[in-house]
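First the structure, in the form of structure tokens, and then the observations on it.
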Amino acid sequence: MKSNWVSWVTTNKSSEDLNACDLAFTNRTIVAVEFDANRVVKGNEIMMKKWNRMLPSLACAASQIALCGIAANAASGDTEHAPTSEIAWLELSGTPTEAAGPFAWLGMSDGETLRSLVERIDEVAYDDSIDGLVIRVKDAAIGVTQIQEIGRAMNRLREAGKKTHIFAENYNTSELLLGAYADEVIVQSGGTVSLPGMHMEEMFLRDTLDWIGVKPDYVQIGDYKGAEEQMMNAAPSEAWNENITGLLDSMYGNMQEMLQAGYGFDANELDRVMKKAWWASDKQGIELGLIDAAVDLPDLIDHLGVRYGQDVEVALDLNEQAGGIEIDMANPFAMLSMFSQEPNHTARRPTIAILHIDGAIVDGDSTAGGFLGGASVGSRTIRNAIEDILDQDMIKGVVVRIDSPGGSAIASEIIWQGIERLREEKPVWVSVGSMAASGGYYIAVGGEKIYAEQSSIVGSIGVVGGKLAMEGVYDKLNIRIVERNRGPMASLNSTLKPWSSTERELIRAKMQETYDQFTGHVVDGRPGIDLNKTAEGRLFTGNKAKDLNMVDAIGGLDDAMHELAADIGMDDFEVLEFPGPLSFDELLSDMLGGFIRSPGVTNGAQHGAQALAAAMLTLREVLGPQRFEMVRDAINANLQMRDEPVLMTMPSIIMFK
């Protein structure tokens with residue numbers, strides 16, 4: 001059968017076709033369409049998929065056979081060098097960030113940005129001298145929405161006739177999802193493959209808070225909101241269980257679709273594969289159809305040579321980046337010159353601005369870290385960035401990139417007003433990263449058009465308010481607090497006791513006002529939306545949100561930028577990201593601000609934070625870094641209630657594995 005297949009490949013090519021090796025590297029599904037499957041395996045679908053995996057070797061072998069006579073002639077009289085395939089090389093490590101750090105212009109990078117990764121893959125698509133791209137994955141921690149954006153760029157590269165290869169020492173779910181977009185998935189020989197499914201953990205702290213003496217006191221508007229669940233309950237309520245179960249089903253469905261489309265499985269086959277691939281060797285991964293080849297890294301170029309049918313060389317290293325300002329450290333005048341420089345953040349030609357809403361939403365300035373770490377985005381910082389954008393005539397359009405679980409209701413409203421102000425002068429579209437929930441979605445509805453990835457989390461239209469009554473923990477730690485109130489409502493701010501029934505009703509009334517304002521913005525920004533299906537704290541993945549008119553299109557930041565540019569008639573444009581970079585003076589102020597403080601009077605809320613910090617330091621060791629970060633972010637959100645008792649945030653102590 002193999003010889004018949006080779007003969008069929010070589011005899012059924014037209015003169016306009018690509019060579020056999022190129023044909024073999026087309027999309028796995030497309031191969032099954034372009035070649036008559038019945039002529040190969042007589043309709044046996046499972047065998048067809050195995051043949052698809054074998055196509056590169058078979059087709060290249062056919063090409064070698066067909067070229068034997070040419071090779072002999074060349075050996076006898078042609079002295080030209082053998083042809084070489086030139087490839088690009090890109091390494092993925094760590095977690096891509098949404099935006100460059102504020103000091104990147106000084107060469108102080110916070111890591112790779114998602115947009116720069118996509119741009120460099122697109123660079124290969126437009127380079128006629130490059131035949132393919134190798135992506136080496138090195139301990140990368142990439143989310144599903146980031147994989148979808150990178151995968152979309154890989155699809156553009158393949159549409160341009162380039163080949164894509166993924167190489168990793170080991171494959172877990174993330175690497176396999178990325179591999180679904182590649183022509184060839186290669187594992188380090190001796191490596192492992194793991195695809196057990198999707199595991200989720202929710203953490204409920206009510207018993208823990210009782211143990212340490214903290215009394216949570218919360219009110220929420222929206223039965224499905226869930227933001228109070230982690231603090232108020234020891235187990236999920238019926239409404240929250242329905243909400244989160246539906247979200248998990250949708251996320252798992254998206255993962256299945258990606259794997260089925262990329263590897264050619266149907267639903268039953270994928271289940272069969274996952275039962276065996278929960279922990280598989282490199283050879284087992286190949287047998288299961290998840291891996292194409294197991295190769296020792298030093299032999300990778302030789303392996304690619306076989307795939308391409310000729311010598312291969314790395315002609316473009318996409319990891320070589322120009323680093324910021326170069327400083328001669330031996331020259332003190334060069335150092336002084338750096339201190340005096342200001343970052344240039346002005347559009348010189350037609351530009352699309354990206355306004356980043358990345359992190360928990362707070363009043364005031366954005367910060368690099370809150371309680372025990374964790375970044376936040378401040379309303380003052382964003383409004384200043386909006387004014388900078390408005391001042392620049394060369395900025396023709398704006399994409400608001402949101403990756404936020406929400407936060408302060410007041411800050412969310414202030415930012416929404418800024419988006420409205422911006423829309424009066426320039427078109428404003430929205431791109432959702434991993435999440436635009438609660439306050440994040442509040443801001444999103446201010447845009448004219450919303451893009452989201454299939455697996456983005458969208459919604460949580462609801463409000464939560466409350467505080468942590470700390471009297472019990474003060475007693476356990478022998479902290480003595482004496483309260484003194486002046487004024488009829490001063491006791492609302494007490495850190496010792498929960499609210500009285502009268503106080504709770506006042507808080508609930510204020511929350512209802514905020515909820516009505518939230519839903520009013522949603523109705524205005526999303527005409528025709530059905531709040532009975534979308535509000536009260538419900539959560540959706542991007543594909544479900546599109547069906548419910550919560551977003552307009554499935555796509556990433558790159559799609560939003562280019563389609564906005566096309567909509568306003570821009571064929572060529574620059575990109576400028578906001579908030580802009582900080583000057584060196586601002587850098588020093590930011591670095592020293594956390595260490596230099598004036599002495600002052602400490603209020604009860606600060607006592608509470610200090611007491612809670614002692615307990616959290618212990619939890620860091622008990623829970624481990626990943627779980628601790630989620631607990632920390634939840635506590636950060638709750639500590640915002642020291643200053644504002646009504647928040648728009650979604651629960652954050654949720655883990656997916």
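For the structure tokens, the naming scheme is as follows: chains receive sequential letters (A, B, ...) according to their order of presentation, residues are indexed from 1 within each chain, and ligands are indexed from 1 in presentation order.
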Output as a PDB file with C-alpha atoms, in the first residue's frame all residues of range 245-320 of chain A that backbone DSSP marks as helix (DSSP H, G or I).
```
ATOM      1  CA  THR A 245     -20.298  24.337  36.217  1.00  0.00           C
ATOM      2  CA  GLY A 246     -21.601  25.927  33.026  1.00  0.00           C
ATOM      3  CA  LEU A 247     -18.399  27.953  32.671  1.00  0.00           C
ATOM      4  CA  LEU A 248     -16.220  24.862  33.153  1.00  0.00           C
ATOM      5  CA  ASP A 249     -18.251  22.878  30.613  1.00  0.00           C
ATOM      6  CA  SER A 250     -17.798  25.665  28.070  1.00  0.00           C
ATOM      7  CA  MET A 251     -14.049  25.959  28.698  1.00  0.00           C
ATOM      8  CA  TYR A 252     -13.595  22.198  28.384  1.00  0.00           C
ATOM      9  CA  GLY A 253     -15.655  22.177  25.195  1.00  0.00           C
ATOM     10  CA  ASN A 254     -13.381  24.830  23.687  1.00  0.00           C
ATOM     11  CA  MET A 255     -10.314  22.791  24.621  1.00  0.00           C
ATOM     12  CA  GLN A 256     -11.816  19.683  22.992  1.00  0.00           C
ATOM     13  CA  GLU A 257     -12.598  21.610  19.806  1.00  0.00           C
ATOM     14  CA  MET A 258      -9.023  22.896  19.556  1.00  0.00           C
ATOM     15  CA  LEU A 259      -7.566  19.406  19.991  1.00  0.00           C
ATOM     16  CA  GLN A 260     -10.016  17.754  17.605  1.00  0.00           C
ATOM     17  CA  ALA A 261      -9.428  20.344  14.877  1.00  0.00           C
ATOM     18  CA  GLY A 262      -5.656  20.276  15.240  1.00  0.00           C
ATOM     19  CA  TYR A 263      -5.051  16.541  15.603  1.00  0.00           C
ATOM     20  CA  ALA A 267     -14.930  13.200  20.281  1.00  0.00           C
ATOM     21  CA  ASN A 268     -14.717   9.471  21.022  1.00  0.00           C
ATOM     22  CA  GLU A 269     -11.139   9.216  19.794  1.00  0.00           C
ATOM     23  CA  LEU A 270     -10.109  12.186  21.918  1.00  0.00           C
ATOM     24  CA  ASP A 271     -11.573  10.563  25.024  1.00  0.00           C
ATOM     25  CA  ARG A 272      -9.726   7.358  24.192  1.00  0.00           C
ATOM     26  CA  VAL A 273      -6.466   9.240  23.715  1.00  0.00           C
ATOM     27  CA  MET A 274      -6.857  11.189  26.962  1.00  0.00           C
ATOM     28  CA  LYS A 275      -7.437   7.983  28.938  1.00  0.00           C
ATOM     29  CA  LYS A 276      -4.058   6.725  27.767  1.00  0.00           C
ATOM     30  CA  ASP A 282       7.414   9.903  23.754  1.00  0.00           C
ATOM     31  CA  LYS A 283       6.759   6.680  21.807  1.00  0.00           C
ATOM     32  CA  GLN A 284       3.263   6.338  23.262  1.00  0.00           C
ATOM     33  CA  GLY A 285       2.551   9.962  22.337  1.00  0.00           C
ATOM     34  CA  ILE A 286       3.445   9.168  18.734  1.00  0.00           C
ATOM     35  CA  GLU A 287       1.295   6.033  18.740  1.00  0.00           C
ATOM     36  CA  LEU A 297      17.639  18.490  20.362  1.00  0.00           C
ATOM     37  CA  PRO A 298      21.161  18.359  18.841  1.00  0.00           C
ATOM     38  CA  ASP A 299      19.684  16.321  15.963  1.00  0.00           C
ATOM     39  CA  LEU A 300      16.739  18.634  15.341  1.00  0.00           C
ATOM     40  CA  ILE A 301      18.224  20.427  12.322  1.00  0.00           C
ATOM     41  CA  ASP A 302      19.106  17.098  10.700  1.00  0.00           C
ATOM     42  CA  HIS A 303      15.563  15.901  11.355  1.00  0.00           C
ATOM     43  CA  LEU A 304      14.149  19.010   9.700  1.00  0.00           C
ATOM     44  CA  GLY A 305      16.464  18.394   6.738  1.00  0.00           C
ATOM     45  CA  VAL A 306      14.728  15.087   6.154  1.00  0.00           C
ATOM     46  CA  ARG A 307      11.337  16.776   6.403  1.00  0.00           C
ATOM     47  CA  TYR A 308      12.287  19.512   3.933  1.00  0.00           C
TER      48      TYR A 308
END
```
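Omitting Leu496 in chain A and its sequence neighbours fewer than 3 positions away, and counting only C-alpha atoms, the residues within 7 Å are A:Ala469, A:Met470, A:Glu471.
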With C-alpha atoms kept, could you save the residues just selected as a compact mmCIF listing (two decimals), in the first residue's frame?
```txt
# COMPACT_ATOMS: atom_id res chain seq x y z
CA ALA A 469 -14.94 41.98 60.99
CA MET A 470 -11.60 41.41 62.71
CA GLU A 471 -12.48 41.33 66.41
```
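Our summary of the geometry notes that CA of Gly264 in chain A is positioned 16.3 Å from CA of Gly151 in chain A.
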>> Based on the backbone DSSP call, show me all residues of range 264-504 of chain A assigned strand (DSSP E or B), as an MDAnalysis selection string.
In response: chainID A and resid 280:281 293:295 311:317 351:358 360:362 367 370 373 376:378 395:404 406:408 428:437 449:452 457:459 461 463:469
>> Would you pick out the contacts of Val430 in chain A at 7 Å or less, using only C-alpha atoms, so that residues sharing its chain but fewer than 3 positions from it are not included, and give the list as a ChimeraX atom specification?
In response: /A:399-401,444,447,449-451
>> Report, in Å to a single decimal, how far apart CA of Val193 in chain A and CA of Ala280 in chain A are.
In response: 5.0 Å
>> I'd like the neighbourhood of Ile130 in chain A as a list in words, where a residue qualifies if any of its atoms comes within 7 Å (using only C-alpha atoms), though same-chain residues fewer than 4 positions away should be ignored.
In response: Glu86, Ile87, Ala88 and Val124 of chain A
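Using only C-alpha atoms for every distance, the candidate list A:Ile402, A:Ala411, A:Leu178, A:Ala125 yields A:Ile402 as the residue closest to Ala437 in chain A.
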>> So that I can see what lies close to Gly190 in chain A, please list as a ChimeraX atom specification the residues with an atom at most 10 Å from it, counting only C-alpha atoms and leaving out residues fewer than 6 positions away in the same chain.
In response: /A:169-170,281-283,294-296
> Could you name the residues that touch Arg484 in chain A at 10 Å or less, counting only C-alpha atoms, but leaving out those on the same chain fewer than 6 positions away, as a PyMOL selection string?
Replying inline: chain A and resi 490-491+494
Store the residues picked out above in a file with all heavy atoms, as a tab-separated table (two decimals), in the first residue's frame.
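The result, written out as selection38.tsv:
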```tsv
chain	number	residue	atom	x	y	z
A	490	ALA	N	-20.45	56.87	61.47
A	490	ALA	CA	-19.04	56.53	61.60
A	490	ALA	C	-18.82	55.04	61.86
A	490	ALA	O	-17.81	54.46	61.44
A	490	ALA	CB	-18.40	57.35	62.72
A	491	SER	N	-19.77	54.36	62.52
A	491	SER	CA	-19.58	52.96	62.88
A	491	SER	C	-19.59	52.04	61.66
A	491	SER	O	-19.20	50.87	61.77
A	491	SER	CB	-20.67	52.52	63.86
A	491	SER	OG	-21.96	52.66	63.27
A	494	SER	N	-16.21	50.42	61.14
A	494	SER	CA	-15.63	49.60	62.20
A	494	SER	C	-15.01	48.33	61.63
A	494	SER	O	-15.62	47.64	60.80
A	494	SER	CB	-16.70	49.23	63.23
A	494	SER	OG	-16.20	48.26	64.14
```
>> Nearest residue to Leu176 in chain A out of A:Leu209, A:Pro196, A:Asn493, A:Leu117, using only C-alpha atoms?
In response: A:Pro196
>> Using only C-alpha atoms, which protein or nucleic acid residues come within 12 Å of range 574-577 of chain A? Drop anything in the same chain fewer than 2 positions from it, and give the result as a ChimeraX atom specification.
In response: /A:98-102,104,113,115-116,119,344-357,382,385-386,388-389,392,394-401,557-558,561-562,565,570-572,579-581
Suppose we keep N, CA and C atoms; can you now write the selection as a short mmCIF file (atom, residue, chain, number, x, y, z; two decimals), in the first residue's frame?
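To be explicit, this is the file written out as part.cif:
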```cif
data_model
loop_
_atom_site.label_atom_id
_atom_site.label_comp_id
_atom_site.auth_asym_id
_atom_site.auth_seq_id
_atom_site.Cartn_x
_atom_site.Cartn_y
_atom_site.Cartn_z
N GLU A 98 0.86 41.38 28.95
CA GLU A 98 -0.04 42.12 28.08
C GLU A 98 0.64 43.35 27.48
N ALA A 99 1.46 44.02 28.27
CA ALA A 99 2.11 45.25 27.80
C ALA A 99 3.54 45.28 28.29
N ALA A 100 4.39 46.02 27.57
CA ALA A 100 5.76 46.20 28.01
C ALA A 100 5.79 46.96 29.33
N GLY A 101 6.78 46.67 30.15
CA GLY A 101 6.90 47.35 31.43
C GLY A 101 7.15 48.83 31.26
N PRO A 102 6.87 49.63 32.29
CA PRO A 102 7.02 51.09 32.17
C PRO A 102 8.47 51.53 31.98
N ALA A 104 10.74 49.64 30.09
CA ALA A 104 11.31 48.86 29.00
C ALA A 104 12.21 49.71 28.11
N THR A 113 6.12 40.33 25.51
CA THR A 113 4.71 40.68 25.42
C THR A 113 4.03 39.80 24.39
N ARG A 115 1.82 40.69 22.21
CA ARG A 115 1.77 41.36 20.90
C ARG A 115 3.07 41.22 20.14
N SER A 116 4.21 41.31 20.83
CA SER A 116 5.50 41.19 20.14
C SER A 116 5.71 39.77 19.61
N GLU A 119 3.67 39.57 16.44
CA GLU A 119 4.29 40.36 15.38
C GLU A 119 5.48 39.62 14.77
N ASN A 344 10.31 58.94 24.82
CA ASN A 344 9.56 59.54 23.72
C ASN A 344 8.32 58.69 23.47
N HIS A 345 7.16 59.28 23.69
CA HIS A 345 5.92 58.51 23.53
C HIS A 345 4.91 59.33 22.75
N THR A 346 5.35 59.77 21.58
CA THR A 346 4.52 60.62 20.72
C THR A 346 4.37 59.96 19.35
N ALA A 347 3.16 59.90 18.85
CA ALA A 347 2.90 59.33 17.54
C ALA A 347 3.38 60.30 16.46
N ARG A 348 4.23 59.80 15.56
CA ARG A 348 4.79 60.63 14.49
C ARG A 348 4.09 60.41 13.16
N ARG A 349 3.38 59.30 13.04
CA ARG A 349 2.63 58.99 11.82
C ARG A 349 1.33 58.31 12.22
N PRO A 350 0.42 58.03 11.27
CA PRO A 350 -0.86 57.44 11.65
C PRO A 350 -0.69 56.23 12.57
N THR A 351 -1.41 56.24 13.69
CA THR A 351 -1.16 55.29 14.77
C THR A 351 -2.46 54.75 15.35
N ILE A 352 -2.42 53.48 15.75
CA ILE A 352 -3.46 52.88 16.58
C ILE A 352 -2.90 52.78 18.00
N ALA A 353 -3.62 53.33 18.97
CA ALA A 353 -3.19 53.24 20.36
C ALA A 353 -3.84 52.03 21.03
N ILE A 354 -3.07 51.39 21.89
CA ILE A 354 -3.60 50.30 22.73
C ILE A 354 -3.61 50.80 24.16
N LEU A 355 -4.79 50.83 24.75
CA LEU A 355 -4.94 51.27 26.14
C LEU A 355 -5.16 50.02 27.00
N HIS A 356 -4.21 49.73 27.88
CA HIS A 356 -4.24 48.50 28.66
C HIS A 356 -4.97 48.69 29.99
N ILE A 357 -5.99 47.86 30.23
CA ILE A 357 -6.66 47.73 31.53
C ILE A 357 -6.28 46.34 32.03
N ILE A 382 -5.28 55.62 34.25
CA ILE A 382 -5.95 55.40 32.96
C ILE A 382 -6.53 56.69 32.41
N ALA A 385 -3.82 58.62 30.88
CA ALA A 385 -3.44 58.02 29.60
C ALA A 385 -4.44 58.40 28.51
N ILE A 386 -5.72 58.44 28.85
CA ILE A 386 -6.75 58.83 27.88
C ILE A 386 -6.53 60.27 27.42
N ASP A 388 -3.67 61.80 27.31
CA ASP A 388 -2.49 61.75 26.43
C ASP A 388 -2.90 61.34 25.02
N ILE A 389 -3.77 60.35 24.92
CA ILE A 389 -4.23 59.89 23.61
C ILE A 389 -5.01 60.97 22.90
N GLN A 392 -3.06 63.71 20.99
CA GLN A 392 -2.22 63.35 19.84
C GLN A 392 -3.09 63.12 18.61
N MET A 394 -2.20 62.33 15.66
CA MET A 394 -1.77 61.22 14.82
C MET A 394 -2.33 59.88 15.29
N ILE A 395 -2.91 59.85 16.47
CA ILE A 395 -3.59 58.63 16.93
C ILE A 395 -5.00 58.65 16.34
N LYS A 396 -5.25 57.73 15.44
CA LYS A 396 -6.50 57.74 14.69
C LYS A 396 -7.56 56.80 15.26
N GLY A 397 -7.16 55.86 16.08
CA GLY A 397 -8.10 54.93 16.68
C GLY A 397 -7.49 54.28 17.90
N VAL A 398 -8.34 53.70 18.75
CA VAL A 398 -7.89 53.13 20.03
C VAL A 398 -8.50 51.75 20.22
N VAL A 399 -7.65 50.81 20.65
CA VAL A 399 -8.13 49.50 21.10
C VAL A 399 -7.88 49.42 22.60
N VAL A 400 -8.94 49.23 23.37
CA VAL A 400 -8.82 49.05 24.81
C VAL A 400 -8.64 47.56 25.07
N ARG A 401 -7.48 47.19 25.57
CA ARG A 401 -7.18 45.79 25.85
C ARG A 401 -7.45 45.52 27.33
N LEU A 557 -6.19 40.55 19.95
CA LEU A 557 -5.76 41.94 19.85
C LEU A 557 -5.34 42.29 18.44
N ASP A 558 -4.63 41.39 17.78
CA ASP A 558 -4.18 41.65 16.42
C ASP A 558 -5.37 41.85 15.48
N MET A 561 -6.96 45.32 16.18
CA MET A 561 -6.15 46.42 15.66
C MET A 561 -6.29 46.56 14.15
N HIS A 562 -6.10 45.46 13.44
CA HIS A 562 -6.08 45.53 11.98
C HIS A 562 -7.47 45.79 11.41
N ALA A 565 -8.18 49.43 11.95
CA ALA A 565 -7.44 50.23 10.97
C ALA A 565 -8.11 50.18 9.60
N MET A 570 -7.05 52.88 7.14
CA MET A 570 -5.60 52.95 7.33
C MET A 570 -4.96 51.68 6.80
N ASP A 571 -4.16 51.80 5.73
CA ASP A 571 -3.46 50.65 5.18
C ASP A 571 -2.18 50.34 5.96
N ASP A 572 -1.58 51.37 6.49
CA ASP A 572 -0.32 51.21 7.21
C ASP A 572 -0.39 52.07 8.47
N PRO A 579 -0.95 52.94 29.37
CA PRO A 579 -0.16 54.09 29.80
C PRO A 579 1.29 54.01 29.31
N GLY A 580 1.86 55.17 29.05
CA GLY A 580 3.20 55.23 28.49
C GLY A 580 4.29 54.92 29.49
N PRO A 581 5.54 54.85 29.02
CA PRO A 581 6.67 54.54 29.89
C PRO A 581 6.94 55.66 30.88
#
```
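You will find CA of Ile443 in chain A at 19.7 Å from CA of Thr145 in chain A.
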